[in-house]
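Asker: mmCIF, C-alpha atoms, saved as data34.cif, coming up:
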```cif
data_target
loop_
_atom_site.label_atom_id
_atom_site.label_comp_id
_atom_site.auth_asym_id
_atom_site.auth_seq_id
_atom_site.Cartn_x
_atom_site.Cartn_y
_atom_site.Cartn_z
CA MET D 53 22.09 -11.64 -10.54
CA ALA D 54 22.49 -8.90 -7.96
CA LEU D 55 23.02 -5.42 -9.35
CA LYS D 56 25.33 -2.77 -7.96
CA ARG D 57 25.99 0.22 -10.18
CA PRO D 58 25.15 3.94 -10.16
CA GLN D 59 23.48 4.06 -13.61
CA ILE D 60 21.08 1.65 -15.27
CA SER D 61 19.24 1.72 -18.58
CA THR D 62 15.47 1.87 -18.97
CA GLU D 63 15.51 -1.71 -20.26
CA GLU D 64 17.39 -2.87 -17.17
CA ALA D 65 15.00 -0.97 -14.90
CA ARG D 66 12.09 -2.73 -16.59
CA ARG D 67 13.59 -6.15 -15.98
CA ILE D 68 14.41 -5.28 -12.38
CA ALA D 69 10.86 -4.03 -11.76
CA LEU D 70 9.18 -7.03 -13.37
CA THR D 71 11.39 -9.46 -11.46
CA ALA D 72 10.56 -7.72 -8.19
CA GLN D 73 6.88 -8.07 -9.06
CA GLY D 74 7.12 -11.81 -9.62
CA PHE D 75 7.62 -12.01 -13.38
CA GLY D 76 11.23 -13.14 -13.24
CA ARG D 77 10.28 -16.80 -12.92
CA PRO D 78 8.01 -19.12 -14.93
CA ARG D 79 4.49 -19.88 -13.79
CA THR D 80 3.98 -23.02 -11.77
CA GLY D 81 2.55 -25.00 -14.68
CA GLY D 82 0.88 -27.35 -12.23
CA ARG D 83 -1.15 -27.38 -9.05
CA VAL D 84 -1.33 -24.03 -7.28
CA ASP D 85 -1.71 -24.11 -3.50
CA THR D 86 -1.43 -21.83 -0.49
CA ARG D 87 2.36 -21.69 -0.76
CA HIS D 88 2.01 -19.97 -4.10
CA PHE D 89 -0.67 -17.57 -2.84
CA ARG D 90 1.52 -16.70 0.13
CA SER D 91 4.52 -16.10 -2.12
CA VAL D 92 2.61 -13.67 -4.35
CA LEU D 93 1.12 -11.71 -1.45
CA ARG D 94 4.45 -11.42 0.32
CA ARG D 95 6.23 -10.38 -2.85
CA LEU D 96 3.68 -7.70 -3.76
CA ASN D 97 2.95 -6.69 -0.14
CA VAL D 98 -0.30 -5.12 -1.34
CA VAL D 99 -3.14 -6.60 -3.43
CA GLN D 100 -5.82 -4.07 -4.23
CA LEU D 101 -9.53 -4.81 -3.86
CA ASP D 102 -12.21 -3.35 -6.09
CA SER D 103 -15.90 -4.05 -6.56
CA VAL D 104 -15.91 -3.93 -10.38
CA ASN D 105 -16.77 -7.44 -11.57
CA VAL D 106 -17.13 -7.04 -15.32
CA LEU D 107 -14.34 -9.60 -15.78
CA ALA D 108 -13.30 -10.84 -12.33
CA ARG D 109 -12.78 -9.21 -8.95
CA ALA D 110 -9.60 -7.18 -8.96
CA HIS D 111 -7.77 -9.23 -6.33
CA TYR D 112 -8.04 -12.44 -8.36
CA LEU D 113 -6.22 -11.07 -11.40
CA PRO D 114 -2.72 -10.37 -10.00
CA PHE D 115 -2.55 -13.98 -8.77
CA PHE D 116 -3.61 -15.28 -12.18
CA ALA D 117 -1.10 -13.05 -13.96
CA ARG D 118 1.76 -14.52 -11.91
CA LEU D 119 0.60 -18.07 -11.26
CA GLY D 120 -1.66 -18.99 -14.14
CA PRO D 121 -4.92 -20.87 -13.52
CA TYR D 122 -5.83 -21.63 -9.91
CA SER D 123 -8.92 -22.16 -7.78
CA ARG D 124 -10.51 -18.85 -6.81
CA ASP D 125 -12.36 -20.62 -4.01
CA ALA D 126 -9.04 -21.85 -2.64
CA LEU D 127 -7.61 -18.33 -2.78
CA ASP D 128 -10.64 -16.93 -0.96
CA ARG D 129 -10.40 -19.58 1.74
CA TRP D 130 -6.75 -18.72 2.31
CA LEU D 131 -7.23 -14.96 2.21
CA TRP D 132 -10.18 -14.83 4.58
CA ARG D 133 -9.63 -17.82 6.87
CA SER D 134 -5.91 -18.34 7.32
CA GLY D 135 -5.25 -15.25 9.40
CA GLU D 136 -2.25 -14.49 7.17
CA ALA D 137 -3.86 -11.63 5.23
CA PHE D 138 -5.27 -8.40 6.54
CA GLU D 139 -7.63 -5.96 4.84
CA TYR D 140 -7.10 -2.25 5.28
CA TRP D 141 -6.47 1.02 3.43
CA ALA D 142 -2.88 0.05 2.55
CA HIS D 143 -2.88 1.41 -1.01
CA GLU D 144 -6.56 1.80 -1.64
CA ALA D 145 -8.76 -0.89 -0.07
CA SER D 146 -6.23 -3.70 -0.09
CA LEU D 147 -5.03 -6.98 1.32
CA THR D 148 -1.60 -7.08 2.91
CA PRO D 149 0.30 -9.64 5.03
CA ILE D 150 -0.92 -9.64 8.61
CA GLU D 151 2.47 -8.67 10.02
CA HIS D 152 2.13 -5.27 8.33
CA ARG D 153 -0.88 -4.42 10.51
CA VAL D 154 1.35 -2.87 13.14
CA LEU D 155 2.90 -0.63 10.47
CA LEU D 156 -0.53 0.68 9.54
CA GLY D 157 -1.46 1.45 13.13
CA HIS D 158 -0.32 5.05 12.76
CA ARG D 159 -2.85 5.44 9.93
CA MET D 160 -5.60 4.08 12.17
CA ARG D 161 -4.66 6.51 14.93
CA ASP D 162 -4.60 9.49 12.54
CA ALA D 163 -7.19 8.75 9.81
CA SER D 164 -7.02 12.39 8.77
CA HIS D 165 -7.48 11.44 5.12
CA TRP D 166 -11.12 10.60 5.94
CA ALA D 167 -11.87 13.90 7.65
CA ARG D 168 -15.54 13.95 6.63
CA LEU D 169 -16.18 10.53 8.14
CA ARG D 170 -14.35 11.52 11.33
CA ARG D 171 -16.51 14.63 11.68
CA TRP D 172 -19.64 12.54 11.23
CA ALA D 173 -18.46 10.05 13.86
CA ALA D 174 -17.71 12.85 16.32
CA ASP D 175 -21.29 14.09 15.94
CA GLU D 176 -22.78 10.60 16.09
CA GLY D 177 -20.77 9.08 18.94
CA ALA D 178 -23.75 7.28 20.44
CA ARG D 179 -24.59 5.58 17.14
CA VAL D 180 -20.97 4.51 16.64
CA ALA D 181 -20.86 3.06 20.15
CA GLN D 182 -24.10 1.12 19.54
CA VAL D 183 -22.70 -0.43 16.36
CA LEU D 184 -19.46 -1.39 18.11
CA ASP D 185 -21.47 -3.01 20.92
CA ARG D 186 -23.44 -5.02 18.35
CA VAL D 187 -20.26 -6.24 16.66
CA SER D 188 -18.86 -7.20 20.07
CA GLU D 189 -21.99 -9.14 20.98
CA VAL D 190 -22.81 -11.02 17.78
CA GLY D 191 -19.97 -10.51 15.28
CA PRO D 192 -19.14 -11.22 12.57
CA VAL D 193 -21.81 -8.99 11.07
CA SER D 194 -22.43 -7.31 7.75
CA VAL D 195 -24.27 -4.08 7.07
CA GLY D 196 -27.28 -6.15 6.03
CA ASP D 197 -27.54 -7.61 9.52
CA PHE D 198 -28.66 -4.22 10.84
CA ASP D 199 -32.16 -2.84 10.43
CA ASP D 200 -30.95 0.40 8.91
CA PRO D 201 -31.87 1.09 5.28
CA ALA D 202 -29.48 2.95 3.00
CA ARG D 203 -30.01 6.65 2.51
CA GLY D 204 -29.19 9.14 -0.20
CA GLY D 205 -25.75 10.73 -0.52
CA TRP D 206 -22.45 9.21 0.56
CA TRP D 207 -22.89 6.48 -2.07
CA GLY D 208 -26.17 5.51 -0.39
CA TRP D 209 -24.44 4.66 2.89
CA SER D 210 -26.68 4.13 5.90
CA ASP D 211 -25.67 5.37 9.34
CA THR D 212 -24.67 1.81 10.20
CA LYS D 213 -22.42 1.60 7.18
CA ARG D 214 -20.78 4.91 8.12
CA ALA D 215 -20.24 3.71 11.68
CA LEU D 216 -18.75 0.41 10.56
CA GLU D 217 -16.44 2.12 8.06
CA TYR D 218 -15.30 4.56 10.72
CA LEU D 219 -14.62 1.75 13.20
CA PHE D 220 -12.76 -0.13 10.46
CA LEU D 221 -10.75 2.98 9.64
CA ILE D 222 -9.57 3.46 13.23
CA GLY D 223 -8.92 -0.26 13.74
CA GLN D 224 -11.62 -1.03 16.31
CA VAL D 225 -13.23 -3.54 13.95
CA THR D 226 -11.69 -5.50 11.13
CA VAL D 227 -12.89 -7.54 8.16
CA ARG D 228 -13.31 -11.18 9.06
CA ASP D 229 -14.21 -12.19 5.51
CA ARG D 230 -16.31 -11.22 2.51
CA ILE D 231 -19.47 -12.97 1.39
CA ASN D 232 -20.38 -12.12 -2.21
CA PHE D 233 -17.75 -9.41 -1.78
CA SER D 234 -19.65 -7.77 1.11
CA ARG D 235 -17.55 -7.21 4.21
CA ARG D 236 -18.32 -9.02 7.46
CA TYR D 237 -16.92 -7.15 10.42
CA ASP D 238 -15.64 -8.46 13.73
CA LEU D 239 -13.36 -7.44 16.57
CA PRO D 240 -9.69 -7.62 15.55
CA GLU D 241 -8.74 -9.86 18.48
CA ARG D 242 -11.25 -12.48 17.29
CA VAL D 243 -9.82 -12.53 13.77
CA GLN D 244 -6.08 -11.97 13.99
CA VAL D 245 -3.26 -12.51 16.42
CA LEU D 246 -2.50 -8.87 17.01
CA ALA D 247 1.01 -7.48 17.17
CA THR D 248 1.50 -5.74 20.50
CA PRO D 249 4.14 -3.05 19.79
CA ARG D 250 3.05 0.45 18.91
CA VAL D 251 5.18 1.87 16.09
CA ASP D 252 5.30 5.62 15.71
CA ALA D 253 4.41 7.20 12.38
CA ASP D 254 7.94 7.90 11.11
CA GLU D 255 9.26 4.44 11.97
CA ALA D 256 6.19 2.80 10.41
CA ARG D 257 6.54 4.87 7.26
CA LEU D 258 10.23 4.00 7.04
CA GLU D 259 9.43 0.28 7.12
CA LEU D 260 6.60 0.70 4.61
CA LEU D 261 9.00 2.50 2.28
CA ALA D 262 11.41 -0.41 2.63
CA LEU D 263 8.62 -2.82 1.69
CA SER D 264 7.74 -0.60 -1.27
CA ALA D 265 11.34 -0.61 -2.47
CA ALA D 266 11.47 -4.41 -2.29
CA ALA D 267 8.21 -4.76 -4.22
CA LEU D 268 9.24 -2.24 -6.90
CA GLY D 269 12.89 -3.20 -7.27
CA VAL D 270 13.79 0.32 -8.36
CA GLY D 271 11.81 3.53 -8.06
CA THR D 272 11.78 7.23 -7.38
CA VAL D 273 10.67 8.73 -4.09
CA HIS D 274 7.26 9.34 -5.71
CA ASP D 275 7.07 5.65 -6.67
CA LEU D 276 8.00 4.49 -3.18
CA ALA D 277 5.53 6.85 -1.52
CA ASP D 278 2.66 5.87 -3.82
CA TYR D 279 2.89 2.14 -3.11
CA PHE D 280 1.43 2.48 0.40
CA ARG D 281 -0.01 5.96 -0.27
CA LEU D 282 2.40 7.68 2.11
CA PRO D 283 2.76 11.46 2.28
CA LEU D 284 5.39 12.54 -0.24
CA SER D 285 6.94 14.99 2.22
CA ALA D 286 7.46 12.18 4.73
CA ALA D 287 8.94 9.89 2.07
CA LYS D 288 11.41 12.55 0.98
CA ALA D 289 12.58 12.95 4.56
CA LEU D 290 12.85 9.21 5.23
CA VAL D 291 14.43 7.79 2.07
CA PRO D 292 17.93 9.03 3.09
CA ARG D 293 17.58 6.78 6.15
CA LEU D 294 16.89 3.82 3.86
CA VAL D 295 20.10 4.67 2.00
CA GLN D 296 22.04 5.04 5.22
CA ARG D 297 21.03 1.68 6.60
CA GLY D 298 21.65 -0.06 3.26
CA ASP D 299 18.12 -0.96 2.16
CA VAL D 300 18.51 0.98 -1.09
CA GLU D 301 21.21 2.74 -3.06
CA ALA D 302 20.77 5.87 -5.13
CA VAL D 303 21.03 5.26 -8.88
CA HIS D 304 20.26 7.10 -12.10
CA VAL D 305 17.85 5.48 -14.54
CA GLU D 306 18.23 6.52 -18.15
CA GLY D 307 15.52 9.02 -19.11
CA TRP D 308 14.21 9.57 -15.56
CA ARG D 309 14.29 13.13 -14.32
CA GLU D 310 14.28 12.19 -10.64
CA PRO D 311 16.87 10.14 -8.75
CA ALA D 312 15.98 6.48 -8.35
CA TYR D 313 16.58 4.02 -5.53
CA LEU D 314 17.56 0.42 -6.12
CA HIS D 315 16.66 -2.17 -3.50
CA ARG D 316 19.54 -4.16 -2.07
CA ASP D 317 17.95 -7.46 -3.16
CA ALA D 318 17.05 -6.29 -6.66
CA ALA D 319 17.91 -8.80 -9.35
CA LEU D 320 18.58 -8.21 -13.04
CA PRO D 321 17.91 -11.25 -15.23
CA ARG D 322 19.22 -11.31 -18.77
CA ARG D 323 15.70 -11.78 -20.08
CA ILE D 324 12.13 -11.75 -18.82
CA HIS D 325 9.95 -14.57 -20.10
CA ALA D 326 6.44 -13.45 -19.25
CA ARG D 327 2.97 -13.51 -20.73
CA ALA D 328 0.22 -11.90 -18.70
CA LEU D 329 -2.94 -9.81 -18.83
CA LEU D 330 -2.72 -7.23 -16.06
CA ALA D 331 -5.71 -5.79 -14.23
CA PRO D 332 -6.06 -2.00 -14.06
CA PHE D 333 -5.31 -2.38 -10.33
CA ASP D 334 -2.15 -4.46 -10.69
CA PRO D 335 0.85 -2.89 -8.91
CA VAL D 336 2.85 -2.95 -12.15
CA VAL D 337 0.51 -0.40 -13.72
CA TRP D 338 -1.39 1.36 -10.92
CA HIS D 339 1.06 4.31 -10.76
CA ARG D 340 0.50 5.59 -14.28
CA ASP D 341 3.49 7.95 -14.40
CA ARG D 342 5.82 5.10 -13.46
CA THR D 343 4.26 2.89 -16.12
CA GLU D 344 5.07 5.51 -18.76
CA ARG D 345 8.65 5.91 -17.53
CA LEU D 346 9.32 2.18 -17.44
CA PHE D 347 7.43 0.94 -20.47
CA GLY D 348 6.67 3.98 -22.63
CA PHE D 349 3.06 2.88 -22.16
CA ARG D 350 0.34 5.45 -21.46
CA TYR D 351 -2.50 3.77 -19.63
CA ARG D 352 -5.72 5.16 -18.18
CA ILE D 353 -8.76 3.33 -16.88
CA GLU D 354 -11.91 4.49 -18.70
CA ILE D 355 -14.63 2.99 -16.50
CA TYR D 356 -15.84 6.45 -15.50
CA THR D 357 -15.43 7.95 -18.98
CA PRO D 358 -18.66 8.28 -21.01
CA ALA D 359 -18.76 5.54 -23.64
CA PRO D 360 -18.48 7.86 -26.69
CA GLN D 361 -15.32 9.39 -25.24
CA ARG D 362 -13.48 6.14 -24.49
CA VAL D 363 -10.35 5.49 -26.51
CA TYR D 364 -9.76 1.80 -25.77
CA GLY D 365 -12.80 0.51 -23.87
CA TYR D 366 -14.46 0.01 -20.50
CA TYR D 367 -12.28 -2.56 -18.69
CA VAL D 368 -8.99 -2.67 -20.55
CA LEU D 369 -6.14 -4.97 -19.58
CA PRO D 370 -2.59 -4.36 -20.85
CA PHE D 371 -0.96 -7.45 -22.34
CA LEU D 372 2.59 -8.02 -21.12
CA LEU D 373 4.80 -10.14 -23.37
CA ASN D 374 8.27 -10.67 -21.95
CA ASP D 375 9.30 -7.18 -20.78
CA ARG D 376 7.00 -5.00 -22.90
CA PHE D 377 3.35 -4.14 -23.20
CA VAL D 378 2.45 -5.11 -26.73
CA ALA D 379 -1.36 -4.81 -26.75
CA ARG D 380 -4.40 -3.92 -24.69
CA VAL D 381 -7.81 -5.60 -24.72
CA ASP D 382 -11.23 -4.66 -23.38
CA LEU D 383 -12.63 -7.80 -21.75
CA LYS D 384 -15.96 -8.84 -20.29
CA ALA D 385 -17.08 -12.13 -18.77
CA ASP D 386 -20.52 -12.93 -20.20
CA ARG D 387 -21.40 -15.41 -17.48
CA SER D 388 -24.91 -16.22 -18.69
CA ALA D 389 -23.60 -17.24 -22.14
CA ARG D 390 -20.35 -18.61 -20.67
CA ARG D 391 -18.19 -16.54 -23.00
CA LEU D 392 -15.16 -14.30 -22.56
CA LEU D 393 -15.89 -11.30 -24.75
CA VAL D 394 -12.96 -9.52 -26.40
CA ARG D 395 -14.69 -6.24 -27.22
CA THR D 396 -11.67 -4.28 -28.47
CA ALA D 397 -8.04 -5.15 -29.10
CA HIS D 398 -5.33 -2.59 -29.81
CA LEU D 399 -1.77 -3.32 -30.85
CA GLU D 400 1.02 -1.16 -29.46
CA GLU D 401 3.45 0.63 -31.71
CA ASP D 402 6.22 -1.58 -33.18
CA ALA D 403 4.48 -4.79 -32.10
CA VAL D 404 4.00 -7.48 -34.75
CA PRO D 405 0.32 -8.48 -35.10
CA GLY D 406 0.86 -12.16 -35.89
CA ALA D 407 3.36 -12.83 -33.12
CA VAL D 408 1.32 -10.91 -30.55
CA ALA D 409 -1.95 -12.51 -31.63
CA ALA D 410 -0.69 -16.07 -31.16
CA GLU D 411 0.46 -15.39 -27.59
CA LEU D 412 -2.55 -13.26 -26.70
CA ALA D 413 -5.03 -15.80 -28.07
CA SER D 414 -3.41 -18.49 -25.93
CA GLU D 415 -3.55 -16.28 -22.82
CA LEU D 416 -7.20 -15.42 -23.46
CA ALA D 417 -8.06 -19.10 -23.81
CA SER D 418 -6.29 -19.82 -20.52
CA MET D 419 -8.14 -16.98 -18.80
CA ALA D 420 -11.50 -18.15 -20.14
CA ALA D 421 -10.93 -21.67 -18.83
CA TRP D 422 -9.83 -20.30 -15.45
CA LEU D 423 -13.05 -18.23 -15.25
CA GLU D 424 -15.08 -21.34 -16.19
CA LEU D 425 -16.16 -19.82 -19.49
CA GLU D 426 -16.56 -22.13 -22.46
CA GLU D 427 -15.33 -19.95 -25.30
CA VAL D 428 -13.58 -16.75 -26.27
CA SER D 429 -15.76 -14.50 -28.42
CA MET D 430 -13.67 -12.19 -30.61
CA GLN D 431 -15.72 -9.06 -31.18
CA ALA D 432 -12.73 -6.74 -31.62
CA PRO D 433 -12.51 -4.91 -34.95
CA GLY D 434 -9.25 -3.98 -36.64
CA ALA D 435 -5.97 -5.65 -37.50
CA LEU D 436 -5.31 -7.20 -34.12
CA GLY D 437 -8.88 -8.46 -33.87
CA ASP D 438 -8.51 -10.11 -37.27
CA ALA D 439 -5.19 -11.63 -36.26
CA LEU D 440 -6.73 -12.96 -33.02
CA ARG D 441 -9.56 -14.62 -34.94
CA ALA D 442 -7.03 -16.20 -37.27
CA ALA D 443 -4.87 -17.41 -34.36
CA ARG D 444 -7.59 -19.39 -32.64
#
```
What does this structure look like when you write it as structure tokens?
Answerer:
Amino acid sequence: MALKRPQISTEEARRIALTAQGFGRPRTGGRVDTRHFRSVLRRLNVVQLDSVNVLARAHYLPFFARLGPYSRDALDRWLWRSGEAFEYWAHEASLTPIEHRVLLGHRMRDASHWARLRRWAADEGARVAQVLDRVSEVGPVSVGDFDDPARGGWWGWSDTKRALEYLFLIGQVTVRDRINFSRRYDLPERVQVLATPRVDADEARLELLALSAAALGVGTVHDLADYFRLPLSAAKALVPRLVQRGDVEAVHVEGWREPAYLHRDAALPRRIHARALLAPFDPVVWHRDRTERLFGFRYRIEIYTPAPQRVYGYYVLPFLLNDRFVARVDLKADRSARRLLVRTAHLEEDAVPGAVAAELASELASMAAWLELEEVSMQAPGALGDALRAAR
């Protein structure tokens, strides 16, 4: 139901946020096709990419969390060949619907957040021009198609890689597709039907904030700004315009120190029926402060933390059951042995081990089958690990 009121509880805010993120409806339970992929991308507006592949590539997991099992090959074909998705620095490296490209044009024209790369390109203009000419002549091309070995520093980037990333940043090349997750670059006009209008920075940011509000359901100015990584100062200046034109209304969320803004299409179901393992890069959890405010759930990714100092594990996924996070598990796909390894499992406060274990074991089995793994290997010590072994 639509919600119009000046004050909402934390529990209501949770249900609003989860509904906005696609958890207000049951999974398909059957064949998943491009209609479902399109629905998820357009609801989230941003799907983050990341190279970590200890479990699965980051962009696969939000679709699984909302749709259940599907063909990853089918998703890749749609993402990279349909012309409906567009890769750019929307949040971090991300996929977003192609119609949002025009709203990111101001970022391409500015690109001040990559000042070091811009300085390099200014000094190496001839090299950048050569790379652009090569893309124009023979694209699509990957870095490996150039005879230019990687060098030290800058993550081992070669001059060709720097030139391609600069051209990608300013919009003169785009990503046609990814092969084994490596980008292949081409001219934008050969990949996408380009929107012709030029939208100035403030108008683009206003529309991106509106998209953020729709994807979040309810959020503070900080939340809205973070979704597309917009400058906070700009967001603060523009949100009153969203209120004025009726996109959002100002509300107070119980326990939040900052004012919140409720999207005009936000819905508040009586209950959320959800069961999902969320990637560290899922929009529900990527803004850690918001996650704590909404769920009372403190979450940090520990990939870059030395192993002895990790609290929960290397690649930890929160487990959402209905409208609460009830556990977190450190997962790894052992592809050679065809096993999904559950290396640690931690129960959240006030969660009941037996009830959580039954649902989590079922979700892990579903994930293993989706990843074409033959079994779930429970290595997790402790009470929840024991309960998971018993639940299988």
Asker: Might you spell out which residues the PyMOL selection byres ((chain D and resi 315) around 7) would select in the displayed file, as a VMD selection string?
Answerer: chain D and resid 265 to 266 269 to 270 299 to 301 313 to 314 316 to 318
Asker: For atom CA of Ala389 of chain D and atom CA of His111 of chain D, determine how far apart the two atoms are, in Å to one decimal place.
Answerer: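 These two atoms are separated by 23.8 Å.
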Asker: Nearest to Tyr237 of chain D among D:His274, D:Arg390, D:Lys213, D:Arg323, with distances taken over only C-alpha atoms: which residue is it?
Answerer: D:Lys213
Asker: Name all residues at most 8 Å from Asp334 of chain D (count only C-alpha atoms; drop same-chain ones fewer than 6 positions away) and give them as a list in words.
Answerer: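 Answer for this query is Val99, Gln100, Leu113 and Pro114 of chain D.
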Asker: Starting from the shown file, work through the PyMOL selection byres ((chain D and resi 303) around 8) and note down what comes out as a PDB file with C-alpha atoms, in the coordinates of the input.
Answerer:
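Saved to out-v1.pdb:
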```pdb
ATOM      1  CA  ARG D  57      25.990   0.220 -10.180  1.00  0.00           C
ATOM      2  CA  PRO D  58      25.150   3.940 -10.160  1.00  0.00           C
ATOM      3  CA  GLN D  59      23.480   4.060 -13.610  1.00  0.00           C
ATOM      4  CA  ILE D  60      21.080   1.650 -15.270  1.00  0.00           C
ATOM      5  CA  GLU D 301      21.210   2.740  -3.060  1.00  0.00           C
ATOM      6  CA  ALA D 302      20.770   5.870  -5.130  1.00  0.00           C
ATOM      7  CA  HIS D 304      20.260   7.100 -12.100  1.00  0.00           C
ATOM      8  CA  VAL D 305      17.850   5.480 -14.540  1.00  0.00           C
ATOM      9  CA  PRO D 311      16.870  10.140  -8.750  1.00  0.00           C
ATOM     10  CA  ALA D 312      15.980   6.480  -8.350  1.00  0.00           C
ATOM     11  CA  TYR D 313      16.580   4.020  -5.530  1.00  0.00           C
ATOM     12  CA  LEU D 314      17.560   0.420  -6.120  1.00  0.00           C
TER      13      LEU D 314
END
```
Asker: Mind telling me what the PyMOL selection byres ((chain D and resi 278) around 10) catches here, as a count of residues only?
Answerer: 18
Asker: Residues at most 10 Å from Arg133 of chain D, counting only C-alpha atoms, excluding those fewer than 3 positions away in the same chain, as a ChimeraX atom specification?
Answerer: /D:127-130,136-137,228-229,243-244
Asker: Using the file's own x, y and z axes, what box holds all listed atoms of segment 69-74 of chain D with 6 Å on each side, keeping edges along x, y and z, and what are its centre and edge lengths in Å to one decimal, as AutoDock Vina command-line options?
Answerer:
```
--center_x 9.1 --center_y -7.9 --center_z -10.8 --size_x 16.5 --size_y 19.8 --size_z 17.2
```
Asker: Residues within 12 Å of Ala407 of chain D, please, as a count of residues only. Count only C-alpha atoms; anything in the same chain fewer than 3 positions from it doesn't count.
Answerer: 17
Asker: Using all atoms listed in the file, which protein or nucleic acid residues come within 6 Å of Arg236 of chain D? Drop anything in the same chain fewer than 4 positions from it, and give the result as a compact mmCIF listing (two decimals) with C-alpha atoms, in the frame of the given file.
Answerer:
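selection39.txt written:
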```txt
# COMPACT_ATOMS: atom_id res chain seq x y z
CA PRO D 192 -19.14 -11.22 12.57
CA VAL D 193 -21.81 -8.99 11.07
CA SER D 194 -22.43 -7.31 7.75
CA VAL D 227 -12.89 -7.54 8.16
CA ARG D 228 -13.31 -11.18 9.06
CA ASP D 229 -14.21 -12.19 5.51
CA ARG D 230 -16.31 -11.22 2.51
```
Asker: Start from the incomplete input, build N, CA, C and O atoms for segment 101-112 of chain D, and deliver everything as a compact mmCIF listing (two decimals), in the coordinates of the input.
Answerer:
```txt
# COMPACT_ATOMS: atom_id res chain seq x y z
N LEU D 101 -8.16 -4.33 -3.71
CA LEU D 101 -9.53 -4.81 -3.86
C LEU D 101 -10.35 -3.78 -4.63
O LEU D 101 -10.11 -2.58 -4.52
N ASP D 102 -11.31 -4.25 -5.39
CA ASP D 102 -12.21 -3.35 -6.09
C ASP D 102 -13.49 -4.10 -6.42
O ASP D 102 -13.45 -5.32 -6.68
N SER D 103 -14.61 -3.39 -6.39
CA SER D 103 -15.90 -4.05 -6.56
C SER D 103 -16.27 -4.32 -8.01
O SER D 103 -17.21 -5.08 -8.28
N VAL D 104 -15.57 -3.72 -8.97
CA VAL D 104 -15.91 -3.93 -10.38
C VAL D 104 -15.74 -5.41 -10.72
O VAL D 104 -14.69 -6.00 -10.49
N ASN D 105 -16.78 -6.00 -11.30
CA ASN D 105 -16.77 -7.44 -11.57
C ASN D 105 -17.12 -7.74 -13.02
O ASN D 105 -17.65 -8.80 -13.32
N VAL D 106 -16.80 -6.83 -13.91
CA VAL D 106 -17.13 -7.04 -15.32
C VAL D 106 -16.35 -8.22 -15.90
O VAL D 106 -16.83 -8.92 -16.78
N LEU D 107 -15.16 -8.45 -15.36
CA LEU D 107 -14.34 -9.60 -15.78
C LEU D 107 -14.15 -10.56 -14.61
O LEU D 107 -14.56 -11.71 -14.66
N ALA D 108 -13.49 -10.10 -13.57
CA ALA D 108 -13.30 -10.84 -12.33
C ALA D 108 -12.95 -9.81 -11.27
O ALA D 108 -12.46 -8.72 -11.59
N ARG D 109 -13.16 -10.14 -10.01
CA ARG D 109 -12.78 -9.21 -8.95
C ARG D 109 -11.30 -8.89 -9.05
O ARG D 109 -10.48 -9.75 -9.38
N ALA D 110 -10.96 -7.66 -8.73
CA ALA D 110 -9.60 -7.18 -8.96
C ALA D 110 -8.54 -8.00 -8.27
O ALA D 110 -7.44 -8.18 -8.80
N HIS D 111 -8.82 -8.52 -7.06
CA HIS D 111 -7.77 -9.23 -6.33
C HIS D 111 -7.45 -10.59 -6.91
O HIS D 111 -6.38 -11.15 -6.64
N TYR D 112 -8.35 -11.15 -7.74
CA TYR D 112 -8.04 -12.44 -8.36
C TYR D 112 -6.99 -12.31 -9.47
O TYR D 112 -6.20 -13.21 -9.70
```
